Structures are given as C-alpha cells and as structure tokens.
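S.K.: Have a look at this one.
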Amino acid sequence: MAQATTAEHAASEQGFPDAIGFGFAELVALLNLVRGEASTASAAALRIEAELNDDKVLFAGASSLVARGFATVEAGGELSISGPVAAVTHALSTATRRMQIDLLTADSVDNVITVDAPEYQIILQPRAYLTWFAMAQKPGLTSAEADFWIMRKHLEDNPEGGASIMCLEDPSGTQLLLKRVASSWTVGYKTASPQDIAEITELSDADVLEKIRQIRHD
C-alpha cells in the first residue's frame, strides 16, 4: 500500500508552510510508510500507537491524504508523498528524541511535542479530535534553544502560568518545571515518585537553557 519516502524527496521542495494540519488517521498512514522503532515511538508520543495496525484507520488516512493533495497513488497502488509532508514523515520515522512541553495556565494545559531527527527538527501541537499541527523548528536555533523559546513565549503571554518539559525517551519521567519570577526564572524537578518539588530560584536565561540541555540529555 505504501512507498517509503526519503529525505531527498522532501528536500526537493523549497520552503515549509507555517503549519500543516494532520488528522490522526492521516498520521497513521504516514507512519506506516516507514515502520520501525522510531515510527512506533512517534506514534506513542502522538497517542495513536494503538491505531497503527488498524487497517480501517490506515486506509481512511491514506484516502484523506490523497483527497487533500498530500499524497498520490502510484501505478502499483502504493502511496507516494513529497515536499513538506515527506519531511514530517521522515522526521517522525527517524526521530532520535521526542520532548513533551506542557504549557500551563490557571485553567488549561496545552501540549507541544518537539521532534529531533538527523535531518529535520519539527514541532507538533495537538488540537481537537487528535488533530496535530506540524511546524518546522524556528530557524537559527538549536533544539534546546527552540524548546526554551516555546516555553519563554508562553510565559511572556501568560506571566501567571507555568511550563514543563520532559524527554519521552527518559524512563524516569523526570519533568523540568519552569516559571518566570520578576526578571529571573525558577525551576523545579518532578518525578514519577511522590515527593516535594525543590525549587531553584533566581536563574538566568543561560542557566535555564543549560537545565533544558541536561533534561534533553544533549
């Protein structure tokens, strides 16, 4: 049904749109193009691991991709993709690290997944009904800097809010918690075991960036 897509297909297209929205069935179809450990881990991060082997979901997703012009069907019935859609697929199917960022306000939690792969770094943000928007990482920044930029921007817009980040490949499930206090930062660490969170106060931007690098295992 599917034809594996290479990075060269994606690189042949210039530029990347601000965001591409994918339904969960479409992501199932894309992740089935290149099945492997990385694809399965990405599916788990996107909360669609259970659907990877569901043929009905797979074919519904493939049909939707073709209808939207995101994919074409080759003579042998295989699905073919290129351009930014191929870049997203390549990143998800070759990712070496996935970071979950939670952006907190008094009455809401928004989630962002940042994906590091050998050739592409992308950001995924969920919306209703397991729809995800994929975006290119902010150019000119390292992955750690991009993660910090997302958290800092949220806290600039929501000064009473908070943010956290964790590496989904880290079995300890340790989260780095971040809050803006006046002109400096306060961080803490939360683990799976119930315990008080010890805060580290009066950190600079450079201090926080180093904490993010540490939790990313850079």
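Ligands are numbered from 1 in the order shown, residues from 1 within each chain, and chains are lettered A, B, ... in the order they appear in the structure tokens.
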List the spatial neighbours of region 23-35 of chain A as a ChimeraX atom specification - criterion: any atom at most 10 Å away, only C-alpha atoms, same-chain residues fewer than 4 positions off excluded.
M.R.: /A:1-6,39-40,42-43,46-66,70-71,78-81,85-86,88-90,92-94,126-133
S.K.: Can you tell me which residues surround region 110-120 of chain A at a distance of at most 6 Å, considering only C-alpha atoms, apart from same-chain residues fewer than 3 positions away, and format the answer as a PyMOL selection string?
M.R.: chain A and resi 91+94-103+123-125
S.K.: Could you give me, as a ChimeraX atom specification, each residue of region 129-209 of chain A that DSSP assigns to helix (DSSP H, G or I) when run on this structure's backbone?
M.R.: /A:129-130,143-157,205-209
S.K.: Using only C-alpha atoms, which of A:Gly173, A:Val73, A:Asp157, A:Asp218 sits nearest Ser193 (chain A)?
M.R.: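 Going through A:Gly173, A:Val73, A:Asp157, A:Asp218 one by one, the smallest distance to Ser193 (chain A) is for A:Gly173.
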S.K.: Just want the 7 Å neighbourhood of region 174-181 of chain A, counted on only C-alpha atoms, with same-chain residues fewer than 6 positions away dropped. Output as JSON, numbers by chain.
M.R.: {"A": [155, 159, 162, 163, 164, 165, 166, 187, 188, 189, 190, 191, 192]}
S.K.: Could the residues in this selection be written to a file with N, CA, C and O atoms, as an mmCIF file, in the first residue's frame?
M.R.:
```cif
data_model
loop_
_atom_site.group_PDB
_atom_site.id
_atom_site.type_symbol
_atom_site.label_atom_id
_atom_site.label_comp_id
_atom_site.auth_asym_id
_atom_site.auth_seq_id
_atom_site.Cartn_x
_atom_site.Cartn_y
_atom_site.Cartn_z
ATOM 1 N N LEU A 155 5.251 31.953 28.648
ATOM 2 C CA LEU A 155 5.274 32.641 29.930
ATOM 3 C C LEU A 155 5.262 34.164 29.773
ATOM 4 O O LEU A 155 4.805 34.877 30.662
ATOM 5 N N PRO A 159 2.034 35.391 32.170
ATOM 6 C CA PRO A 159 3.025 35.530 33.248
ATOM 7 C C PRO A 159 2.661 34.790 34.527
ATOM 8 O O PRO A 159 3.554 34.487 35.327
ATOM 9 N N GLY A 162 2.760 28.539 33.873
ATOM 10 C CA GLY A 162 3.977 27.757 34.054
ATOM 11 C C GLY A 162 4.228 26.918 32.826
ATOM 12 O O GLY A 162 3.428 26.895 31.880
ATOM 13 N N ALA A 163 5.323 26.216 32.817
ATOM 14 C CA ALA A 163 5.658 25.331 31.704
ATOM 15 C C ALA A 163 6.507 24.189 32.236
ATOM 16 O O ALA A 163 7.181 24.326 33.267
ATOM 17 N N SER A 164 6.459 23.074 31.543
ATOM 18 C CA SER A 164 7.307 21.950 31.917
ATOM 19 C C SER A 164 7.794 21.254 30.655
ATOM 20 O O SER A 164 7.192 21.372 29.588
ATOM 21 N N ILE A 165 8.898 20.527 30.790
ATOM 22 C CA ILE A 165 9.464 19.805 29.660
ATOM 23 C C ILE A 165 10.018 18.477 30.148
ATOM 24 O O ILE A 165 10.574 18.384 31.249
ATOM 25 N N MET A 166 9.837 17.431 29.355
ATOM 26 C CA MET A 166 10.381 16.122 29.680
ATOM 27 C C MET A 166 10.781 15.411 28.400
ATOM 28 O O MET A 166 10.226 15.657 27.323
ATOM 29 N N VAL A 187 13.017 27.139 38.645
ATOM 30 C CA VAL A 187 12.801 25.808 38.101
ATOM 31 C C VAL A 187 12.662 24.809 39.240
ATOM 32 O O VAL A 187 13.029 25.070 40.381
ATOM 33 N N GLY A 188 12.103 23.667 38.898
ATOM 34 C CA GLY A 188 11.999 22.559 39.833
ATOM 35 C C GLY A 188 11.955 21.270 39.034
ATOM 36 O O GLY A 188 11.814 21.281 37.804
ATOM 37 N N TYR A 189 12.055 20.144 39.726
ATOM 38 C CA TYR A 189 12.027 18.848 39.053
ATOM 39 C C TYR A 189 10.920 17.992 39.656
ATOM 40 O O TYR A 189 10.776 17.918 40.874
ATOM 41 N N LYS A 190 10.165 17.347 38.786
ATOM 42 C CA LYS A 190 9.093 16.455 39.213
ATOM 43 C C LYS A 190 9.364 15.080 38.628
ATOM 44 O O LYS A 190 9.641 14.936 37.436
ATOM 45 N N THR A 191 9.281 14.049 39.479
ATOM 46 C CA THR A 191 9.490 12.677 39.026
ATOM 47 C C THR A 191 8.223 11.870 39.247
ATOM 48 O O THR A 191 7.246 12.364 39.801
ATOM 49 N N ALA A 192 8.267 10.624 38.813
ATOM 50 C CA ALA A 192 7.100 9.757 38.957
ATOM 51 C C ALA A 192 6.805 9.448 40.418
ATOM 52 O O ALA A 192 5.664 9.172 40.790
#
```
S.K.: Give me every strand (DSSP E) residue in region 36-86 of chain A, going by DSSP on the backbone, as a ChimeraX atom specification.
M.R.: /A:72-73,79-80
